[in-house]
>>> print(open('query-v9.cif').read())   # mmCIF, C-alpha atoms
data_query
loop_
_atom_site.label_atom_id
_atom_site.label_comp_id
_atom_site.auth_asym_id
_atom_site.auth_seq_id
_atom_site.Cartn_x
_atom_site.Cartn_y
_atom_site.Cartn_z
CA MET I 1 37.64 3.93 -14.58
CA GLN I 2 39.33 5.61 -11.63
CA MET I 3 37.34 8.49 -10.16
CA ASN I 4 39.10 11.81 -9.65
CA ALA I 5 41.47 10.87 -12.44
CA LYS I 6 44.37 13.22 -13.14
CA TYR I 7 45.28 13.80 -16.76
CA THR I 8 48.10 16.11 -17.78
CA SER I 9 47.36 16.66 -21.48
CA LEU I 10 44.41 16.87 -23.87
CA VAL I 11 44.09 17.03 -27.66
CA ALA I 12 40.75 17.76 -29.34
CA VAL I 13 40.09 16.55 -32.89
CA GLY I 14 37.05 17.26 -35.05
CA ASP I 15 34.89 19.89 -36.73
CA SER I 16 32.92 22.99 -35.71
CA PHE I 17 31.35 21.22 -32.74
CA THR I 18 34.80 20.85 -31.13
CA GLU I 19 36.16 24.15 -32.47
CA GLY I 20 33.50 25.81 -30.33
CA MET I 21 30.94 27.38 -32.63
CA SER I 22 28.73 29.21 -31.56
CA ASP I 23 30.20 29.93 -28.11
CA LEU I 24 31.37 33.37 -29.21
CA LEU I 25 33.82 35.45 -27.17
CA PRO I 26 33.97 39.29 -27.21
CA ASP I 27 37.04 39.26 -29.48
CA GLY I 28 35.19 37.25 -32.14
CA SER I 29 36.89 33.93 -31.41
CA TYR I 30 35.14 30.78 -30.23
CA ARG I 31 35.53 28.97 -26.94
CA GLY I 32 33.39 25.82 -26.75
CA TRP I 33 33.28 22.68 -24.67
CA ALA I 34 36.84 21.52 -25.40
CA ASP I 35 38.37 24.78 -24.13
CA LEU I 36 36.11 24.71 -21.08
CA LEU I 37 37.12 21.13 -20.37
CA ALA I 38 40.83 21.95 -20.73
CA GLU I 39 40.51 24.83 -18.26
CA ARG I 40 38.94 22.56 -15.65
CA MET I 41 41.45 19.76 -16.21
CA ALA I 42 44.33 22.22 -15.91
CA ALA I 43 43.12 23.26 -12.46
CA GLU I 44 43.60 19.64 -11.38
CA ALA I 45 47.06 19.10 -12.89
CA PRO I 46 49.95 21.59 -12.77
CA GLY I 47 51.82 21.71 -16.06
CA PHE I 48 48.74 20.73 -18.04
CA ARG I 49 49.02 20.98 -21.84
CA TYR I 50 46.30 21.35 -24.46
CA ALA I 51 45.87 21.52 -28.23
CA ASN I 52 42.63 22.01 -30.16
CA LEU I 53 43.03 20.92 -33.77
CA ALA I 54 39.35 21.03 -34.76
CA VAL I 55 38.24 23.06 -37.79
CA ARG I 56 34.69 23.98 -38.78
CA GLY I 57 33.12 22.31 -41.81
CA LYS I 58 35.49 19.35 -41.94
CA LEU I 59 34.28 15.98 -43.21
CA ILE I 60 35.64 12.76 -41.75
CA ARG I 61 38.04 12.30 -44.69
CA GLN I 62 39.57 15.72 -43.98
CA ILE I 63 39.76 15.04 -40.25
CA VAL I 64 41.66 11.82 -40.93
CA ASP I 65 43.99 13.46 -43.46
CA GLU I 66 44.65 16.71 -41.60
CA GLN I 67 44.28 16.08 -37.88
CA VAL I 68 44.58 12.44 -36.86
CA ASP I 69 48.30 11.86 -37.46
CA VAL I 70 49.09 15.27 -36.00
CA ALA I 71 47.15 14.45 -32.84
CA ALA I 72 48.69 10.99 -32.53
CA ALA I 73 52.20 12.45 -32.76
CA LEU I 74 51.58 14.49 -29.59
CA LYS I 75 50.90 11.31 -27.55
CA PRO I 76 48.61 13.01 -25.01
CA ASP I 77 46.87 11.49 -22.02
CA VAL I 78 43.45 12.17 -23.60
CA ILE I 79 42.24 12.61 -27.18
CA THR I 80 38.67 13.54 -28.03
CA LEU I 81 37.43 12.63 -31.51
CA VAL I 82 34.11 13.89 -32.85
CA GLY I 83 33.62 13.54 -36.59
CA GLY I 84 31.40 12.17 -39.31
CA LEU I 85 28.27 14.13 -38.49
CA ASN I 86 28.92 16.68 -41.26
CA ASP I 87 28.99 13.77 -43.69
CA THR I 88 25.60 12.49 -42.54
CA LEU I 89 24.05 15.92 -43.18
CA ARG I 90 25.09 15.98 -46.84
CA PRO I 91 22.35 15.19 -49.41
CA LYS I 92 24.35 12.17 -50.56
CA VAL I 93 26.75 10.21 -48.39
CA ASP I 94 28.50 6.85 -48.56
CA MET I 95 28.02 5.61 -45.00
CA VAL I 96 30.28 2.61 -45.58
CA ARG I 97 33.08 5.01 -46.44
CA VAL I 98 32.30 7.14 -43.39
CA ARG I 99 32.48 4.09 -41.13
CA ASP I 100 35.75 2.97 -42.71
CA LEU I 101 37.34 6.37 -42.21
CA LEU I 102 36.15 6.62 -38.63
CA THR I 103 37.62 3.17 -38.01
CA GLU I 104 40.93 4.32 -39.50
CA ALA I 105 40.93 7.35 -37.18
CA VAL I 106 40.23 5.30 -34.07
CA GLU I 107 42.82 2.68 -34.96
CA LYS I 108 45.48 5.40 -35.18
CA LEU I 109 44.42 7.46 -32.18
CA ALA I 110 43.62 4.81 -29.58
CA PRO I 111 47.19 3.43 -29.27
CA SER I 112 48.67 6.94 -29.18
CA CYS I 113 46.94 8.19 -26.04
CA GLY I 114 46.03 7.09 -22.55
CA GLN I 115 42.30 7.51 -23.11
CA LEU I 116 40.36 8.05 -26.33
CA VAL I 117 36.99 9.78 -25.98
CA LEU I 118 34.30 9.36 -28.64
CA MET I 119 30.83 10.91 -28.74
CA ARG I 120 27.30 10.27 -29.80
CA SER I 121 26.66 13.86 -30.87
CA PRO I 122 23.53 15.77 -29.84
CA GLY I 123 20.83 16.66 -32.31
CA ARG I 124 18.43 19.60 -32.24
CA ASN I 125 14.84 18.42 -32.09
CA GLY I 126 12.88 19.20 -35.25
CA PRO I 127 12.16 18.06 -38.82
CA VAL I 128 15.79 18.22 -39.96
CA MET I 129 16.78 15.86 -37.15
CA GLU I 130 14.09 13.38 -38.18
CA ARG I 131 15.26 13.41 -41.79
CA PHE I 132 18.84 12.52 -40.93
CA ARG I 133 18.24 10.41 -37.83
CA PRO I 134 18.80 6.99 -39.53
CA ARG I 135 22.25 8.07 -40.78
CA MET I 136 23.18 9.51 -37.40
CA GLU I 137 22.17 6.35 -35.59
CA GLU I 138 24.17 4.25 -38.06
CA LEU I 139 27.18 6.44 -37.28
CA PHE I 140 26.61 6.10 -33.53
CA THR I 141 26.36 2.32 -33.75
CA CYS I 142 29.76 2.33 -35.43
CA ILE I 143 31.12 4.57 -32.66
CA ASP I 144 29.85 2.22 -29.96
CA ASP I 145 31.42 -0.78 -31.70
CA LEU I 146 34.77 0.97 -32.14
CA ALA I 147 34.82 2.05 -28.50
CA ALA I 148 34.20 -1.51 -27.33
CA ARG I 149 37.03 -2.83 -29.52
CA HIS I 150 39.61 -0.17 -28.72
CA GLY I 151 38.99 0.72 -25.08
CA ALA I 152 37.55 4.16 -25.82
CA VAL I 153 34.81 5.78 -23.76
CA VAL I 154 31.65 7.18 -25.34
CA VAL I 155 29.89 10.33 -24.17
CA ASP I 156 26.22 9.85 -25.04
CA LEU I 157 24.97 13.34 -25.84
CA TYR I 158 22.45 12.01 -28.36
CA GLY I 159 20.49 10.36 -25.56
CA SER I 160 20.09 13.64 -23.67
CA GLY I 161 16.65 15.20 -23.94
CA ALA I 162 18.01 18.51 -22.66
CA LEU I 163 20.59 18.83 -25.44
CA GLY I 164 17.82 18.31 -27.98
CA ASP I 165 16.01 21.37 -26.61
CA GLN I 166 16.00 24.09 -29.29
CA ARG I 167 16.87 26.72 -26.65
CA LEU I 168 20.36 25.23 -26.33
CA TRP I 169 21.02 25.75 -30.06
CA ASP I 170 22.20 28.94 -31.73
CA VAL I 171 20.23 30.83 -34.38
CA ASP I 172 22.05 28.87 -37.11
CA ARG I 173 20.32 25.72 -35.76
CA LEU I 174 23.54 23.73 -36.22
CA HIS I 175 25.67 24.69 -33.22
CA LEU I 176 25.16 24.76 -29.47
CA THR I 177 24.88 27.92 -27.41
CA ALA I 178 27.35 28.73 -24.64
CA GLU I 179 25.14 26.85 -22.18
CA GLY I 180 25.03 23.87 -24.49
CA HIS I 181 28.83 23.80 -24.70
CA ARG I 182 29.07 24.10 -20.93
CA ARG I 183 26.88 21.04 -20.54
CA VAL I 184 28.96 19.05 -23.03
CA ALA I 185 32.15 19.96 -21.14
CA GLU I 186 30.54 18.71 -17.93
CA ALA I 187 29.48 15.46 -19.64
CA VAL I 188 33.03 14.76 -20.88
CA TRP I 189 34.45 15.78 -17.49
CA GLN I 190 32.30 13.20 -15.75
CA THR I 191 33.00 10.51 -18.36
CA LEU I 192 36.73 10.95 -17.72
CA GLY I 193 36.16 10.13 -14.06
CA TYR I 194 36.21 13.56 -12.46
CA GLU I 195 33.87 14.50 -9.64
CA PRO I 196 30.56 15.79 -11.08
CA GLY I 197 29.97 19.51 -10.95
CA ASP I 198 26.27 19.38 -11.76
CA ASP I 199 23.66 17.44 -13.71
CA TRP I 200 24.54 18.29 -17.30
CA GLY I 201 21.43 16.51 -18.58
CA ALA I 202 18.96 18.37 -16.38
CA PRO I 203 15.93 19.55 -18.38
CA LEU I 204 15.38 23.25 -18.98
CA PRO I 205 12.40 25.03 -17.39
CA PRO I 206 9.16 24.79 -19.38
CA ALA I 207 9.34 26.91 -22.51
CA VAL I 208 6.99 29.75 -23.36
CA ARG I 209 5.80 29.13 -26.91
CA ALA I 210 6.75 31.94 -29.28
CA THR I 211 4.07 33.65 -31.28
CA TRP I 212 3.46 32.78 -34.93
CA ALA I 213 4.94 36.13 -36.02
CA THR I 214 8.07 35.64 -33.90
CA ARG I 215 8.62 32.17 -35.37
CA ARG I 216 8.27 33.47 -38.93
CA VAL I 217 10.77 36.27 -38.29
CA SER I 218 13.18 33.72 -36.82
CA ASP I 219 12.74 31.42 -39.84
CA ALA I 220 13.37 34.28 -42.26
CA ARG I 221 16.51 35.36 -40.42
CA PHE I 222 17.78 31.79 -40.33
CA ALA I 223 17.23 31.37 -44.07
CA ARG I 224 18.91 34.67 -44.95
CA GLN I 225 21.91 34.46 -42.63
CA HIS I 226 22.62 30.74 -42.54
CA LEU I 227 20.64 28.50 -44.90
CA VAL I 228 21.27 30.39 -48.15
CA PRO I 229 25.04 30.74 -47.54
CA TRP I 230 25.22 27.05 -46.59
CA ILE I 231 23.48 26.05 -49.84
CA GLY I 232 25.80 28.35 -51.76
CA ARG I 233 28.87 26.65 -50.33
CA ARG I 234 27.48 23.22 -51.18
CA LEU I 235 26.77 24.24 -54.80
CA THR I 236 30.23 25.71 -55.30
CA GLY I 237 32.17 23.01 -53.43
CA ARG I 238 33.36 25.40 -50.73
CA SER I 239 33.50 24.88 -46.98
CA SER I 240 33.40 27.24 -44.01
CA GLY I 241 36.72 25.71 -42.97
CA ASP I 242 38.59 26.46 -46.20
CA GLY I 243 41.94 28.08 -45.43
CA ARG I 244 41.62 27.51 -41.68
CA THR I 245 43.75 25.42 -39.35
CA GLY I 246 43.22 24.28 -35.79
CA ALA I 247 43.89 26.79 -33.02
CA GLN I 248 47.07 25.00 -31.98
CA TYR I 249 48.34 23.91 -35.39
CA SER I 250 51.26 25.61 -37.11
CA ALA I 251 50.90 25.48 -40.89
CA GLU I 252 54.44 26.81 -41.20
CA LEU I 253 55.90 23.93 -39.16
CA GLY I 254 53.37 21.34 -40.31
CA ARG I 255 52.65 20.17 -36.78
CA ALA I 256 50.66 20.97 -33.68
CA PHE I 257 51.96 22.76 -30.62
CA TRP I 258 50.90 22.74 -26.99
CA ILE I 259 49.54 25.60 -24.93
CA THR I 260 49.69 25.66 -21.14
CA PRO I 261 48.42 28.02 -18.42
CA ALA I 262 50.56 31.12 -17.93
CA ASP I 263 49.88 30.75 -14.20
CA PRO I 264 49.56 27.07 -13.19
CA ALA I 265 47.94 28.06 -9.90
CA ASP I 266 45.21 29.99 -11.72
CA PRO I 267 44.73 28.46 -15.20
CA GLY I 268 41.96 30.83 -16.33
CA PRO I 269 40.57 30.82 -19.89
CA VAL I 270 42.72 29.20 -22.58
CA THR I 271 42.80 32.54 -24.44
CA GLY I 272 45.31 33.60 -21.81
CA TRP I 273 47.47 30.50 -21.99
CA ARG I 274 51.00 30.57 -23.42
CA ARG I 275 52.65 28.35 -25.96
CA ALA I 276 54.50 25.54 -24.20
CA GLU I 277 58.16 24.90 -24.81
CA SER I 278 58.78 22.04 -27.25
#
>>> encode(input="query-v9.cif", output="structure tokens")
Amino acid sequence: MQMNAKYTSLVAVGDSFTEGMSDLLPDGSYRGWADLLAERMAAEAPGFRYANLAVRGKLIRQIVDEQVDVAAALKPDVITLVGGLNDTLRPKVDMVRVRDLLTEAVEKLAPSCGQLVLMRSPGRNGPVMERFRPRMEELFTCIDDLAARHGAVVVDLYGSGALGDQRLWDVDRLHLTAEGHRRVAEAVWQTLGYEPGDDWGAPLPPAVRATWATRRVSDARFARQHLVPWIGRRLTGRSSGDGRTGAQYSAELGRAFWITPADPADPGPVTGWRRAES
């Protein structure tokens, strides 16, 4: 791949990981690695356009049905696709079906863009990770195979010891912190051939072990604020993404739209970007 590549458009497809949870902004919205990546890419290419279609809680079937064709229709230079991990975390999952749907997504997206980016998602170290590791690795094997067949690149976040560090995960234990998202943006940036900004996989300083009481308080807060609501949604068939659309998707028009920096010379955060002319 050419170093210092210049891409003029980016579309992000996926679930909460790509939507940006839990990189929370003061206004209550999320930023995340995809927005951070778009801001950096825009600084390299005047007239840059971006659309984030990702929605929290989406399973791979929903990503295929709701986002893939929409993304393909935009015909961007780069598409990022991260999906299927929510499926692997369900108590019961048909991994053959997950692989088939992921294959369908890649087969539609790869010909519609200049470069398709896939990921081996990170996992927070701990007992939950160990329980679901075989499913995740089955998913990642499929991703590697699809990339080889369709000319996609794979960002290996799963192999990063740093991104498994619990300090880079939010209190919900499912989503990365702001620093975690920053590191993912750097990893994708480098995979696309841009000049490295830093070592995104650098280990964190040695941790100071929390006291027993502090850990129990943290566990109780996690259960009350995140685990119990998550179980409730599973039992009632609801999702955190119900009624939501991607940041740059118009439900009224039934299609995505681009945003672009208001000032091409100073792109700034995507929250300040304007809607591009069709």
>>> residues_around(input="query-v9.cif", residues="segment 175-179 of chain I", least_positions_apart="5", cutoff="10 Å", atoms="only C-alpha atoms", output="PDB file with C-alpha atoms, in the coordinates of the input")
ATOM      1  CA  SER I  16      32.920  22.990 -35.710  1.00  0.00           C
ATOM      2  CA  PHE I  17      31.350  21.220 -32.740  1.00  0.00           C
ATOM      3  CA  GLY I  20      33.500  25.810 -30.330  1.00  0.00           C
ATOM      4  CA  MET I  21      30.940  27.380 -32.630  1.00  0.00           C
ATOM      5  CA  SER I  22      28.730  29.210 -31.560  1.00  0.00           C
ATOM      6  CA  ASP I  23      30.200  29.930 -28.110  1.00  0.00           C
ATOM      7  CA  LEU I  24      31.370  33.370 -29.210  1.00  0.00           C
ATOM      8  CA  LEU I  25      33.820  35.450 -27.170  1.00  0.00           C
ATOM      9  CA  TYR I  30      35.140  30.780 -30.230  1.00  0.00           C
ATOM     10  CA  ARG I  31      35.530  28.970 -26.940  1.00  0.00           C
ATOM     11  CA  GLY I  32      33.390  25.820 -26.750  1.00  0.00           C
ATOM     12  CA  TRP I  33      33.280  22.680 -24.670  1.00  0.00           C
ATOM     13  CA  PRO I 122      23.530  15.770 -29.840  1.00  0.00           C
ATOM     14  CA  GLY I 123      20.830  16.660 -32.310  1.00  0.00           C
ATOM     15  CA  ARG I 124      18.430  19.600 -32.240  1.00  0.00           C
ATOM     16  CA  LEU I 163      20.590  18.830 -25.440  1.00  0.00           C
ATOM     17  CA  GLY I 164      17.820  18.310 -27.980  1.00  0.00           C
ATOM     18  CA  GLN I 166      16.000  24.090 -29.290  1.00  0.00           C
ATOM     19  CA  ARG I 167      16.870  26.720 -26.650  1.00  0.00           C
ATOM     20  CA  LEU I 168      20.360  25.230 -26.330  1.00  0.00           C
ATOM     21  CA  TRP I 169      21.020  25.750 -30.060  1.00  0.00           C
ATOM     22  CA  ASP I 170      22.200  28.940 -31.730  1.00  0.00           C
ATOM     23  CA  VAL I 184      28.960  19.050 -23.030  1.00  0.00           C
ATOM     24  CA  ALA I 185      32.150  19.960 -21.140  1.00  0.00           C
ATOM     25  CA  TRP I 200      24.540  18.290 -17.300  1.00  0.00           C
TER      26      TRP I 200
END
>>> closest_residue(input="query-v9.cif", among="I:Tyr50, I:Glu44, I:Ala72, I:Arg135", to="Asp87 of chain I", atoms="only C-alpha atoms")
I:Arg135
>>> atom_distance(input="query-v9.cif", atom1="atom CA of Thr141 of chain I", atom2="atom CA of Val117 of chain I")
15.1 Å
>>> residues_around(input="query-v9.cif", residues="Val68 of chain I", least_positions_apart="3", cutoff="10 Å", atoms="all atoms listed in the file", output="PyMOL selection string")
chain I and resi 12-14+53+62-65+71-73+79+81+104-106+108-109
>>> atom_distance(input="query-v9.cif", atom1="atom CA of Ala45 of chain I", atom2="atom CA of Pro76 of chain I")
13.7 Å
>>> closest_atom_pairs(input="query-v9.cif", of="segment 34-94 of chain I", to="segment 262-276 of chain I", cutoff="12 Å", atoms="only C-alpha atoms", output="Markdown table")
| residue | atom | partner | partner_atom | distance |
| --- | --- | --- | --- | --- |
| I:Ala34 | CA | I:Val270 | CA | 10.1 |
| I:Asp35 | CA | I:Val270 | CA | 6.4 |
| I:Leu36 | CA | I:Pro269 | CA | 7.7 |
| I:Leu37 | CA | I:Val270 | CA | 10.1 |
| I:Ala38 | CA | I:Val270 | CA | 7.7 |
| I:Glu39 | CA | I:Pro269 | CA | 6.2 |
| I:Arg40 | CA | I:Pro267 | CA | 8.3 |
| I:Met41 | CA | I:Pro267 | CA | 9.4 |
| I:Ala42 | CA | I:Pro267 | CA | 6.3 |
| I:Ala43 | CA | I:Pro267 | CA | 6.1 |
| I:Glu44 | CA | I:Ala265 | CA | 9.6 |
| I:Ala45 | CA | I:Pro264 | CA | 8.4 |
| I:Pro46 | CA | I:Pro264 | CA | 5.5 |
| I:Gly47 | CA | I:Pro264 | CA | 6.5 |
| I:Phe48 | CA | I:Pro264 | CA | 8.0 |
| I:Arg49 | CA | I:Ala276 | CA | 7.5 |
| I:Tyr50 | CA | I:Val270 | CA | 8.8 |
| I:Ala51 | CA | I:Arg275 | CA | 9.9 |
| I:Asn52 | CA | I:Val270 | CA | 10.4 |
>>> atom_distance(input="query-v9.cif", atom1="atom CA of Leu139 of chain I", atom2="atom CA of Leu85 of chain I")
7.9 Å
>>> residues_near_point(input="query-v9.cif", point="(29.6, 14.3, -40.2)", cutoff="9 Å", atoms="only C-alpha atoms", output="list in words")
Asp15, Gly57, Lys58, Leu59, Ile60, Val82, Gly83, Gly84, Leu85, Asn86, Asp87, Thr88, Leu89, Arg90, Val98, Met136 and Leu139 of chain I
